[in-house]
file input_32.cif (mmCIF, C-alpha atoms and all ligand atoms)
data_run
loop_
_atom_site.label_atom_id
_atom_site.label_comp_id
_atom_site.auth_asym_id
_atom_site.auth_seq_id
_atom_site.Cartn_x
_atom_site.Cartn_y
_atom_site.Cartn_z
CA MET S 1 104.29 50.81 127.12
CA ASP S 2 105.66 51.05 123.64
CA PRO S 3 103.72 53.90 122.03
CA TRP S 4 104.70 52.66 118.57
CA ARG S 5 102.89 49.42 119.12
CA ASN S 6 99.84 51.01 120.68
CA PRO S 7 97.02 48.62 119.73
CA TYR S 8 94.45 51.41 120.06
CA SER S 9 96.00 53.50 117.29
CA PRO S 10 93.73 54.08 114.31
CA GLY S 11 94.40 51.35 111.81
CA ALA S 12 96.20 49.15 114.34
CA GLY S 13 94.29 46.33 112.72
CA CYS S 14 92.30 44.99 115.67
CA ARG S 15 89.36 43.93 113.55
CA PRO S 16 87.29 41.90 116.02
CA PRO S 17 87.16 44.50 118.84
CA HIS S 18 86.34 47.21 116.34
CA LEU S 19 83.24 45.25 115.56
CA ALA S 20 82.34 44.55 119.15
CA GLY S 21 78.56 44.58 119.51
CA ARG S 22 77.92 44.75 115.77
CA GLN S 23 77.58 41.03 115.08
CA ALA S 24 73.83 41.23 114.57
CA HIS S 25 74.20 44.05 112.03
CA CYS S 26 76.79 42.07 110.06
CA GLU S 27 74.70 38.93 110.09
CA ALA S 28 71.60 40.80 108.89
CA LEU S 29 73.53 42.35 106.04
CA ALA S 30 75.08 39.03 105.06
CA ARG S 31 71.59 37.50 104.92
CA SER S 32 70.33 40.35 102.74
CA LEU S 33 73.21 39.89 100.34
CA GLU S 34 72.46 36.18 100.06
CA ARG S 35 68.75 36.80 99.54
CA SER S 36 69.47 39.38 96.86
CA LEU S 37 71.47 36.79 94.91
CA LEU S 38 68.47 34.45 95.09
CA GLY S 39 66.24 37.06 93.42
CA ARG S 40 64.34 37.94 96.62
CA GLU S 41 63.26 41.44 97.43
CA VAL S 42 65.80 43.06 99.72
CA LYS S 43 65.95 46.43 101.39
CA SER S 44 68.89 48.78 101.30
CA GLN S 45 70.24 49.62 104.74
CA PHE S 46 70.94 52.84 106.59
CA VAL S 47 73.46 52.73 109.41
CA LEU S 48 72.47 55.54 111.76
CA GLY S 49 74.27 56.88 114.80
CA GLN S 50 76.13 59.84 116.21
CA GLU S 51 79.73 60.57 115.19
CA GLY S 52 82.29 58.19 116.65
CA THR S 53 79.89 55.31 117.11
CA GLY S 54 81.50 53.03 114.50
CA LYS S 55 79.52 53.65 111.32
CA THR S 56 82.56 53.89 109.07
CA VAL S 57 84.20 50.71 110.35
CA LEU S 58 80.89 48.90 110.00
CA LEU S 59 80.56 49.95 106.36
CA ALA S 60 84.09 48.72 105.72
CA GLU S 61 83.14 45.37 107.20
CA TYR S 62 80.04 45.25 105.00
CA GLY S 63 82.25 45.78 101.96
CA ARG S 64 84.48 42.95 103.08
CA LEU S 65 81.46 40.67 103.55
CA ALA S 66 80.20 41.46 100.04
CA LEU S 67 83.54 40.59 98.46
CA GLU S 68 83.74 37.43 100.54
CA LYS S 69 80.39 36.35 99.12
CA GLY S 70 81.56 36.98 95.57
CA LEU S 71 79.66 40.23 95.04
CA TYR S 72 81.13 43.42 93.70
CA HIS S 73 81.66 46.32 96.09
CA GLU S 74 82.22 50.03 95.65
CA HIS S 75 82.42 52.80 98.21
CA ILE S 76 81.51 56.48 98.21
CA ASP S 77 82.86 58.80 100.89
CA LEU S 78 80.68 61.87 100.61
CA ARG S 79 82.20 65.29 101.35
CA GLU S 80 80.47 68.60 101.78
CA GLU S 81 81.54 69.75 98.36
CA SER S 82 80.88 66.52 96.45
CA GLY S 83 77.58 65.91 94.67
CA LEU S 84 75.80 62.70 95.57
CA VAL S 85 74.43 62.04 92.08
CA GLU S 86 77.80 62.54 90.39
CA ALA S 87 79.40 60.26 92.98
CA LEU S 88 76.72 57.61 92.40
CA VAL S 89 77.16 57.68 88.64
CA ALA S 90 80.93 57.38 89.04
CA ALA S 91 80.54 54.46 91.47
CA VAL S 92 78.15 52.63 89.11
CA ARG S 93 80.70 53.16 86.35
CA ARG S 94 83.45 51.63 88.49
CA LEU S 95 81.22 48.65 89.28
CA LEU S 96 80.38 48.11 85.61
CA LEU S 97 84.01 48.41 84.54
CA ALA S 98 85.06 45.91 87.19
CA MET S 99 82.39 43.50 85.92
CA ALA S 100 83.28 44.15 82.29
CA ALA S 101 86.92 43.29 82.98
CA ARG S 102 85.85 39.79 83.94
CA ARG S 103 83.06 39.34 81.40
CA ARG S 104 84.25 40.64 78.07
CA GLY S 105 81.65 41.22 75.38
CA SER S 106 78.71 41.12 77.81
CA GLU S 107 75.71 42.84 76.21
CA PRO S 108 73.94 43.99 79.40
CA ILE S 109 77.14 45.51 80.77
CA LYS S 110 77.76 47.25 77.45
CA ARG S 111 74.22 48.64 77.45
CA ALA S 112 74.54 49.96 80.97
CA LEU S 113 77.87 51.60 80.16
CA GLU S 114 76.29 53.28 77.14
CA HIS S 115 73.42 54.54 79.28
CA LEU S 116 75.96 55.89 81.70
CA GLN S 117 77.62 57.95 78.99
CA SER S 118 74.37 59.66 78.07
CA PHE S 119 73.76 60.28 81.76
CA SER S 120 76.87 62.23 82.50
CA GLN S 121 76.73 64.62 79.52
CA PRO S 122 73.90 67.18 79.65
CA ARG S 123 72.72 69.41 82.51
CA SER S 124 75.93 71.26 83.16
CA PRO S 125 74.24 74.67 82.70
CA ARG S 126 71.67 73.77 85.39
CA ARG S 127 74.45 73.02 87.80
CA SER S 128 75.67 76.57 87.93
CA PRO S 129 75.42 77.82 91.49
CA GLU S 130 73.45 80.97 90.67
CA LEU S 131 70.59 78.87 89.30
CA ALA S 132 70.46 76.46 92.19
CA PRO S 133 68.66 77.72 95.29
CA ALA S 134 70.90 77.64 98.35
CA GLY S 135 70.99 74.31 100.12
CA SER S 136 69.32 72.40 97.32
CA SER S 137 70.79 70.44 94.48
CA PRO S 138 69.89 71.22 90.91
CA GLU S 139 68.64 67.84 89.82
CA GLY S 140 64.95 67.33 89.08
CA PRO S 141 62.65 64.34 88.60
CA GLU S 142 64.22 63.39 85.27
CA VAL S 143 67.56 62.82 86.98
CA ALA S 144 65.80 60.60 89.53
CA ASN S 145 64.29 58.56 86.71
CA ASP S 146 67.60 58.36 84.91
CA LEU S 147 69.45 57.21 87.99
CA ALA S 148 66.74 54.64 88.74
CA ALA S 149 67.05 53.31 85.17
CA LEU S 150 70.82 53.11 85.51
CA TRP S 151 70.57 51.33 88.86
CA ILE S 152 68.15 48.82 87.33
CA GLU S 153 70.44 48.25 84.38
CA LEU S 154 73.29 47.56 86.77
CA GLY S 155 71.02 45.12 88.62
CA GLU S 156 69.99 43.39 85.40
CA ALA S 157 73.60 43.04 84.34
CA CYS S 158 74.44 41.52 87.74
CA ARG S 159 71.49 39.15 87.58
CA GLN S 160 72.35 37.92 84.11
CA HIS S 161 75.84 37.13 85.30
CA ALA S 162 74.63 35.50 88.51
CA THR S 163 76.38 38.05 90.70
CA GLY S 164 75.44 41.10 92.75
CA ALA S 165 76.76 44.41 93.97
CA LEU S 166 76.92 46.36 97.22
CA LEU S 167 77.49 50.09 97.22
CA THR S 168 78.48 51.63 100.55
CA ILE S 169 78.03 55.38 101.09
CA ASP S 170 79.54 57.16 104.07
CA GLU S 171 78.42 60.55 105.49
CA LEU S 172 75.13 60.49 103.62
CA HIS S 173 73.78 63.29 105.85
CA LEU S 174 75.96 65.69 103.86
CA ALA S 175 73.82 65.15 100.75
CA PRO S 176 71.21 67.81 99.99
CA ARG S 177 67.60 66.67 100.36
CA ARG S 178 66.87 66.52 96.65
CA SER S 179 69.89 64.33 95.90
CA LEU S 180 68.84 62.06 98.71
CA GLU S 181 65.34 61.81 97.18
CA THR S 182 66.95 60.87 93.88
CA LEU S 183 68.85 58.07 95.56
CA LEU S 184 65.82 56.79 97.50
CA VAL S 185 63.72 56.62 94.34
CA ALA S 186 66.41 54.58 92.54
CA LEU S 187 66.75 52.20 95.50
CA GLU S 188 63.00 51.69 95.79
CA GLU S 189 62.78 50.80 92.10
CA GLY S 190 65.74 48.43 92.32
CA SER S 191 64.24 46.69 95.33
CA ARG S 192 60.82 46.32 93.68
CA ALA S 193 62.50 44.73 90.66
CA ARG S 194 64.17 42.20 93.00
CA LEU S 195 67.58 42.89 91.61
CA PRO S 196 70.80 41.88 93.37
CA VAL S 197 71.99 45.44 94.02
CA MET S 198 71.97 47.08 97.44
CA VAL S 199 73.17 50.18 99.16
CA ALA S 200 74.36 50.41 102.75
CA ALA S 201 74.74 54.06 103.75
CA ALA S 202 75.86 55.70 107.00
CA ALA S 203 74.49 58.96 108.36
CA VAL S 204 73.93 60.97 111.51
CA ALA S 205 70.16 61.16 111.17
CA SER S 206 66.92 59.61 112.32
CA PRO S 207 65.05 57.10 110.12
CA ALA S 208 62.15 59.55 109.78
CA ALA S 209 64.39 62.41 108.68
CA LEU S 210 66.11 60.21 106.12
CA ALA S 211 62.83 59.03 104.67
CA GLY S 212 61.66 62.65 104.43
CA GLY S 213 59.05 62.10 107.14
CA ARG S 214 57.15 59.54 105.07
CA ALA S 215 56.27 56.48 107.12
CA ARG S 216 55.44 54.24 104.14
CA ARG S 217 58.81 54.95 102.60
CA GLN S 218 60.55 54.22 105.90
CA GLU S 219 59.23 50.66 105.67
CA ARG S 220 61.08 50.11 102.41
CA PHE S 221 64.47 50.36 104.08
CA ASP S 222 66.33 48.65 106.89
CA PHE S 223 67.83 50.75 109.66
CA ALA S 224 70.77 49.67 111.82
CA ALA S 225 71.55 51.83 114.83
CA THR S 226 75.12 52.24 116.10
CA GLY S 227 74.52 53.65 119.55
CA PRO S 228 76.89 53.37 122.48
CA LEU S 229 78.18 49.84 123.13
CA GLU S 230 76.70 47.79 125.95
CA SER S 231 78.98 47.42 128.94
CA ALA S 232 80.23 43.91 128.05
CA GLU S 233 81.03 44.96 124.48
CA ALA S 234 82.70 48.16 125.62
CA ARG S 235 84.89 46.10 127.93
CA ARG S 236 85.83 43.84 125.04
CA ALA S 237 86.72 46.84 122.92
CA LEU S 238 89.24 47.80 125.61
CA THR S 239 90.54 44.41 126.73
CA GLU S 240 90.98 42.61 123.42
CA PRO S 241 93.51 44.91 121.74
CA ALA S 242 95.64 44.87 124.91
CA ALA S 243 95.24 41.11 125.36
CA ALA S 244 96.55 40.55 121.84
CA ALA S 245 99.75 42.26 123.04
CA GLY S 246 99.80 40.22 126.27
CA VAL S 247 98.60 43.10 128.45
CA SER S 248 95.60 43.10 130.77
CA TRP S 249 93.44 45.78 132.41
CA GLU S 250 92.98 46.07 136.13
CA GLU S 251 89.28 45.67 136.92
CA ALA S 252 88.91 49.12 138.50
CA ALA S 253 90.61 50.80 135.54
CA LEU S 254 88.41 48.94 133.09
CA GLU S 255 85.25 49.88 134.91
CA ARG S 256 86.22 53.52 135.09
CA ALA S 257 87.25 53.72 131.42
CA VAL S 258 83.96 52.16 130.31
CA GLU S 259 82.07 54.62 132.49
CA LEU S 260 84.01 57.63 131.19
CA SER S 261 83.50 56.53 127.58
CA GLY S 262 79.73 56.30 127.89
CA GLY S 263 80.17 53.23 125.65
CA PHE S 264 81.03 55.40 122.65
CA ALA S 265 83.50 53.59 120.40
CA TYR S 266 85.64 56.62 119.62
CA PHE S 267 86.07 57.51 123.29
CA LEU S 268 86.90 53.92 124.22
CA GLN S 269 89.67 53.97 121.63
CA ALA S 270 90.98 57.33 122.83
CA LEU S 271 90.97 56.31 126.51
CA GLY S 272 92.61 52.98 125.69
CA HIS S 273 95.23 54.69 123.58
CA GLU S 274 96.37 57.13 126.29
CA ALA S 275 96.11 54.63 129.15
CA TRP S 276 98.39 52.34 127.15
CA ASN S 277 100.92 55.15 126.74
CA ALA S 278 100.82 55.95 130.46
CA ALA S 279 101.33 52.35 131.64
CA PRO S 280 104.87 51.10 132.31
CA ALA S 281 106.14 48.70 129.64
CA GLY S 282 104.95 45.14 129.71
CA THR S 283 102.58 45.47 132.67
CA ARG S 284 98.85 45.67 133.17
CA ILE S 285 96.96 48.92 132.85
CA SER S 286 96.07 50.18 136.32
CA GLY S 287 93.59 52.68 137.66
CA ILE S 288 96.48 55.05 138.37
CA ASP S 289 97.69 54.80 134.74
CA LEU S 290 94.22 55.63 133.57
CA GLU S 291 93.87 58.65 135.88
CA GLU S 292 97.29 59.89 134.81
CA SER S 293 96.37 59.57 131.16
CA LEU S 294 93.06 61.44 131.35
CA ALA S 295 94.50 64.87 130.54
CA ALA S 296 96.16 63.47 127.41
CA ALA S 297 92.99 61.61 126.39
CA ARG S 298 90.98 64.76 126.88
CA ALA S 299 93.41 66.83 124.79
CA ALA S 300 93.37 64.18 122.05
CA VAL S 301 89.58 64.06 121.71
CA GLU S 302 89.34 67.86 121.93
CA ASP S 303 91.83 68.21 119.08
CA HIS S 304 90.84 65.34 116.83
CA PHE S 305 87.15 64.94 117.50
CA PHE S 306 85.56 68.13 118.80
CA SER S 307 87.39 71.29 117.88
CA LYS S 308 87.93 70.57 114.20
CA ARG S 309 84.17 70.15 113.87
CA ALA S 310 83.23 72.96 116.25
CA THR S 311 85.13 75.46 114.09
CA ARG S 312 82.52 74.94 111.37
CA ALA S 313 80.01 76.84 113.51
CA SER S 314 79.32 80.53 112.89
CA ALA S 315 78.93 82.90 115.85
CA ALA S 316 75.13 82.51 115.86
CA GLU S 317 75.44 78.73 115.60
CA GLU S 318 77.87 78.66 118.48
CA LEU S 319 75.38 80.55 120.64
CA TYR S 320 72.75 77.97 119.75
CA LEU S 321 75.13 75.10 120.62
CA ARG S 322 76.00 76.73 123.93
CA ALA S 323 72.33 77.15 124.78
CA MET S 324 71.87 73.44 124.08
CA ALA S 325 74.83 72.60 126.32
CA GLU S 326 73.31 74.67 129.14
CA LEU S 327 69.98 72.87 128.79
CA ALA S 328 71.52 69.38 128.47
CA PRO S 329 70.83 66.49 128.77
CA THR S 330 69.87 66.31 125.12
CA PRO S 331 67.82 65.69 122.97
CA LEU S 332 65.87 68.89 123.49
CA ARG S 333 62.74 70.40 122.04
CA SER S 334 63.82 73.01 119.49
CA VAL S 335 61.25 75.32 121.05
CA ALA S 336 63.02 75.07 124.41
CA VAL S 337 66.36 76.07 122.85
CA ALA S 338 64.71 79.04 121.13
CA GLN S 339 63.16 80.06 124.44
CA ALA S 340 66.51 79.88 126.21
CA LEU S 341 67.88 82.19 123.53
CA GLY S 342 64.95 84.54 124.07
CA ARG S 343 63.84 84.15 120.46
CA ARG S 344 60.88 82.70 118.63
CA ALA S 345 61.33 79.18 117.26
CA THR S 346 60.81 80.38 113.69
CA ALA S 347 63.49 83.04 114.13
CA VAL S 348 66.19 80.54 115.12
CA ALA S 349 65.04 77.79 112.75
CA PRO S 350 67.59 78.80 110.06
CA VAL S 351 70.42 78.47 112.61
CA ARG S 352 69.13 75.10 113.70
CA ASP S 353 68.84 73.94 110.07
CA SER S 354 72.33 75.05 109.18
CA LEU S 355 73.72 73.22 112.24
CA ILE S 356 72.05 70.10 110.87
CA ARG S 357 73.46 70.73 107.38
CA LYS S 358 76.93 71.16 108.86
CA ALA S 359 76.55 67.82 110.66
CA LEU S 360 76.96 69.39 114.09
CA CYS S 361 73.40 68.55 115.10
CA TYR S 362 70.65 66.24 113.99
CA ALA S 363 66.94 65.87 114.65
CA PRO S 364 66.26 62.57 116.44
CA ARG S 365 62.49 63.29 116.23
CA TRP S 366 60.27 65.89 114.73
CA GLY S 367 60.73 69.16 116.67
CA GLU S 368 63.74 67.83 118.59
CA ILE S 369 67.41 68.59 118.35
CA ASP S 370 70.53 66.76 119.52
CA PHE S 371 74.28 67.04 119.07
CA ALA S 372 75.77 65.00 116.22
CA LEU S 373 78.76 64.39 118.54
CA PRO S 374 78.27 62.59 121.84
CA PHE S 375 79.48 64.57 124.90
CA PHE S 376 79.50 67.81 122.92
CA ASP S 377 77.84 69.51 125.90
CA LEU S 378 80.68 68.42 128.21
CA TYR S 379 83.21 69.66 125.69
CA LEU S 380 81.54 73.06 125.44
CA ARG S 381 81.31 73.38 129.21
CA GLY S 382 84.95 72.29 129.58
CA SER S 383 84.01 69.49 131.94
CA LEU S 384 84.95 66.41 129.93
CA TRP S 385 86.98 63.81 131.83
CA LEU S 386 88.18 66.04 134.59
CA PRO S 387 90.32 64.06 137.04
CA GLU S 388 88.52 63.48 140.36
CA THR S 389 90.70 66.15 142.03
CA GLU S 390 89.70 68.93 139.60
CA LYS S 391 85.98 68.44 139.95
CA ILE S 392 84.13 71.20 141.74
N1 LIG J 401 82.22 48.21 117.54
C1 LIG J 401 83.36 48.80 117.87
N2 LIG J 401 84.12 48.34 118.89
C2 LIG J 401 85.26 48.97 119.22
N3 LIG J 401 85.78 50.04 118.60
C3 LIG J 401 85.09 50.53 117.57
C4 LIG J 401 83.84 49.95 117.16
N4 LIG J 401 83.35 50.67 116.13
C5 LIG J 401 84.26 51.67 115.91
N5 LIG J 401 85.29 51.58 116.76
C6 LIG J 401 86.41 52.53 116.82
O1 LIG J 401 85.85 53.80 117.16
C7 LIG J 401 86.37 54.83 116.34
C8 LIG J 401 85.24 55.54 115.59
O2 LIG J 401 84.71 54.66 114.61
P1 LIG J 401 84.12 55.21 113.24
O3 LIG J 401 83.69 54.04 112.45
O4 LIG J 401 85.05 56.16 112.60
O5 LIG J 401 82.83 56.01 113.77
P2 LIG J 401 81.82 56.94 112.96
O6 LIG J 401 81.99 56.62 111.51
O7 LIG J 401 80.47 56.59 113.50
O8 LIG J 401 82.22 58.35 113.28
C9 LIG J 401 87.41 54.18 115.46
O9 LIG J 401 88.67 54.36 116.07
C10 LIG J 401 87.03 52.74 115.45
O10 LIG J 401 88.13 51.91 115.24
MG MG J 402 82.45 57.93 109.96
#

call {"tool": "encode", "arguments": {"input": "input_32.cif", "output": "structure tokens", "more": "lines below"}}
Ligand SMILES: Nc1ncnc2c1ncn2[C@@H]1O[C@H](COP(=O)(O)OP(=O)(O)O)[C@@H](O)[C@H]1O
Ligand SMILES: [Mg+2]
result
Amino acid sequence: MDPWRNPYSPGAGCRPPHLAGRQAHCEALARSLERSLLGREVKSQFVLGQEGTGKTVLLAEYGRLALEKGLYHEHIDLREESGLVEALVAAVRRLLLAMAARRRGSEPIKRALEHLQSFSQPRSPRRSPELAPAGSSPEGPEVANDLAALWIELGEACRQHATGALLTIDELHLAPRRSLETLLVALEEGSRARLPVMVAAAAVASPAALAGGRARRQERFDFAATGPLESAEARRALTEPAAAAGVSWEEAALERAVELSGGFAYFLQALGHEAWNAAPAGTRISGIDLEESLAAARAAVEDHFFSKRATRASAAEELYLRAMAELAPTPLRSVAVAQALGRRATAVAPVRDSLIRKALCYAPRWGEIDFALPFFDLYLRGSLWLPETEKI
């Protein structure tokens, strides 16, 4: 079929299937936004799931929902090198400027913008890398208080103008612990003050890890999991983009593709994409097309999903990952991985921690470890999507 019109290409614009199975999440967020405008206490939300499970597209949908409801929306895409606090201050500035453009001369907006100026000036000496211990960020409790005050001022400005704001943050797991604490404190204060400002942030992490292991704090936030899609939703994710182009899937092909994908959104897209390319123009996608396309699908996910992330691992980290792959299925007890490596748990803990910092692993529970990427074990063992004939 026409590869240029491949409906499974990233950005092909198939909005509904991309949100297959996420209706409940969207509805919950829409309700929170409405409640926040009514001055009720609302919780910020963390979207948690492994890589390729649809966190980013869900955040984009949340942003769209906020705008649709007349709220302001800003987005932060966190990178390894970017500081969370700086990014937050910049995003609050953008929100305030957008509000100011429509409400000239507003006192609360002016006040918040002034506060913001004082915020971004000092502290540069404390940011120098030699003063900051490795893996931590240099900000202390006063920055947390400052950010909380700024967040509240933003909320007050919104309330006085009968509007609200949603800030979406992607890849939050890349933020150092102390920056994350700073953010959590600000959000807790904003929520206690019943202000119409919310954050929805995506991360590969467990609720407990995000909340710093504090159960009481965990209750102050909402958590939305993006696991693998249920079978019916996974089928929709494959059939709907093709149907929009007048193409159908043969039942056997559909079943096999859903099974191979494990329900993971990214893999469904990749399998759909290559099966489409393998099918003759204008026909339905058959089981034979799918089998023929597996090698290409495998190469595509290896290149675009796995290897670019796997190269972040040092030699010691790679050994750890391989030990995990040998012991799979995951999650595993960290102690078991250490044992397999013939080392004490405390000796390999730094490797484990740096794998988490590099977003290659995460801790689903205390003392446990899992891959941040689904099927990473199959990738490492070279056994992902082997055609039936190549299986041993
Ligand atoms: N609910 C869904 N249904 C179908 N496809 C989806 C869904 N969520 C995401 N996708 C597709 O899966 C891929 C990965 O989604 P993405 O949001 O980037 O995942 P993550 O941010 O968790 O890594 C994208 O190509 C996206 O279009
Ligand atoms: Mg993402």

call {"tool": "residues_near_ligand", "arguments": {"input": "input_32.cif", "ligand": "ligand LIG 401 (chain J)", "cutoff": "7 Å", "atoms": "only C-alpha atoms and all ligand atoms", "output": "MDAnalysis selection string"}}
result
chainID S and resid 10 17:22 49:58 234 237 265:266 268:269

call {"tool": "closest_residue", "arguments": {"input": "input_32.cif", "among": "S:Ser314, S:Thr168, S:Gln160, S:Thr239", "to": "ligand MG 402 (chain J)", "atoms": "all atoms listed in the file"}}
result
S:Thr168

call {"tool": "closest_residue", "arguments": {"input": "input_32.cif", "among": "S:Val247, S:Leu174, S:Ala203, S:Val351", "to": "ligand MG 402 (chain J)", "atoms": "all atoms listed in the file"}}
result
S:Ala203

call {"tool": "atom_distance", "arguments": {"input": "input_32.cif", "atom1": "CA of Ser261 in chain S", "atom2": "CA of Phe375 in chain S"}}
result
9.4 Å

call {"tool": "closest_residue", "arguments": {"input": "input_32.cif", "among": "S:Ala252, S:Leu373, S:Met198, S:Ile288", "to": "Arg35 in chain S", "atoms": "only C-alpha atoms"}}
result
S:Met198

call {"tool": "residues_around", "arguments": {"input": "input_32.cif", "residues": "His173 in chain S", "least_positions_apart": "5", "cutoff": "10 Å", "atoms": "all atoms listed in the file", "output": "list in words"}}
result
Leu48, Leu78, Arg79, Glu80, Leu180, Ala201, Ala202, Ala203, Val204, Ala205, Ala209, Leu210, Ile356, Arg357, Lys358, Ala359 and Tyr362 of chain S

call {"tool": "residues_around", "arguments": {"input": "input_32.cif", "residues": "Arg159 in chain S", "least_positions_apart": "3", "cutoff": "10 Å", "atoms": "only C-alpha atoms", "output": "PDB file with C-alpha atoms, keeping the file's coordinate frame"}}
result
ATOM      1  CA  SER S  36      69.470  39.380  96.860  1.00  0.00           C
ATOM      2  CA  LEU S  37      71.470  36.790  94.910  1.00  0.00           C
ATOM      3  CA  LEU S  38      68.470  34.450  95.090  1.00  0.00           C
ATOM      4  CA  GLY S  39      66.240  37.060  93.420  1.00  0.00           C
ATOM      5  CA  PRO S 108      73.940  43.990  79.400  1.00  0.00           C
ATOM      6  CA  GLU S 153      70.440  48.250  84.380  1.00  0.00           C
ATOM      7  CA  LEU S 154      73.290  47.560  86.770  1.00  0.00           C
ATOM      8  CA  GLY S 155      71.020  45.120  88.620  1.00  0.00           C
ATOM      9  CA  GLU S 156      69.990  43.390  85.400  1.00  0.00           C
ATOM     10  CA  ALA S 162      74.630  35.500  88.510  1.00  0.00           C
ATOM     11  CA  THR S 163      76.380  38.050  90.700  1.00  0.00           C
ATOM     12  CA  GLY S 164      75.440  41.100  92.750  1.00  0.00           C
ATOM     13  CA  ALA S 165      76.760  44.410  93.970  1.00  0.00           C
ATOM     14  CA  ARG S 194      64.170  42.200  93.000  1.00  0.00           C
ATOM     15  CA  LEU S 195      67.580  42.890  91.610  1.00  0.00           C
ATOM     16  CA  PRO S 196      70.800  41.880  93.370  1.00  0.00           C
ATOM     17  CA  VAL S 197      71.990  45.440  94.020  1.00  0.00           C
TER      18      VAL S 197
END

call {"tool": "atom_distance", "arguments": {"input": "input_32.cif", "atom1": "CA of Gly213 in chain S", "atom2": "CA of Leu88 in chain S"}}
result
23.4 Å

call {"tool": "closest_residue", "arguments": {"input": "input_32.cif", "among": "S:Trp385, S:Glu181, S:Gln218, S:Val85", "to": "Ser293 in chain S", "atoms": "all atoms listed in the file"}}
result
S:Trp385

call {"tool": "atom_distance", "arguments": {"input": "input_32.cif", "atom1": "CA of Leu97 in chain S", "atom2": "atom MG of ligand MG 402 (chain J)"}}
result
27.2 Å

call {"tool": "closest_residue", "arguments": {"input": "input_32.cif", "among": "S:Glu34, S:Asp170, S:Asp370, S:Glu61", "to": "ligand MG 402 (chain J)", "atoms": "all atoms listed in the file"}}
result
S:Asp170

call {"tool": "closest_residue", "arguments": {"input": "input_32.cif", "among": "S:Ala175, S:Ala193, S:Cys158, S:Leu341", "to": "Arg103 in chain S", "atoms": "only C-alpha atoms"}}
result
S:Cys158

call {"tool": "residues_around", "arguments": {"input": "input_32.cif", "residues": "Phe221 in chain S", "least_positions_apart": "3", "cutoff": "9 Å", "atoms": "all atoms listed in the file", "output": "short mmCIF file (atom, residue, chain, number, x, y, z; two decimals) with C-alpha atoms, keeping the file's coordinate frame"}}
result
data_model
loop_
_atom_site.label_atom_id
_atom_site.label_comp_id
_atom_site.auth_asym_id
_atom_site.auth_seq_id
_atom_site.Cartn_x
_atom_site.Cartn_y
_atom_site.Cartn_z
CA VAL S 42 65.80 43.06 99.72
CA LYS S 43 65.95 46.43 101.39
CA SER S 44 68.89 48.78 101.30
CA GLN S 45 70.24 49.62 104.74
CA PHE S 46 70.94 52.84 106.59
CA GLU S 188 63.00 51.69 95.79
CA ALA S 211 62.83 59.03 104.67
CA ARG S 217 58.81 54.95 102.60
CA GLN S 218 60.55 54.22 105.90
#

call {"tool": "residues_around", "arguments": {"input": "input_32.cif", "residues": "Val335 in chain S", "least_positions_apart": "3", "cutoff": "9 Å", "atoms": "all atoms listed in the file", "output": "ChimeraX atom specification"}}
result
/S:332,338-340,344-346,367-368
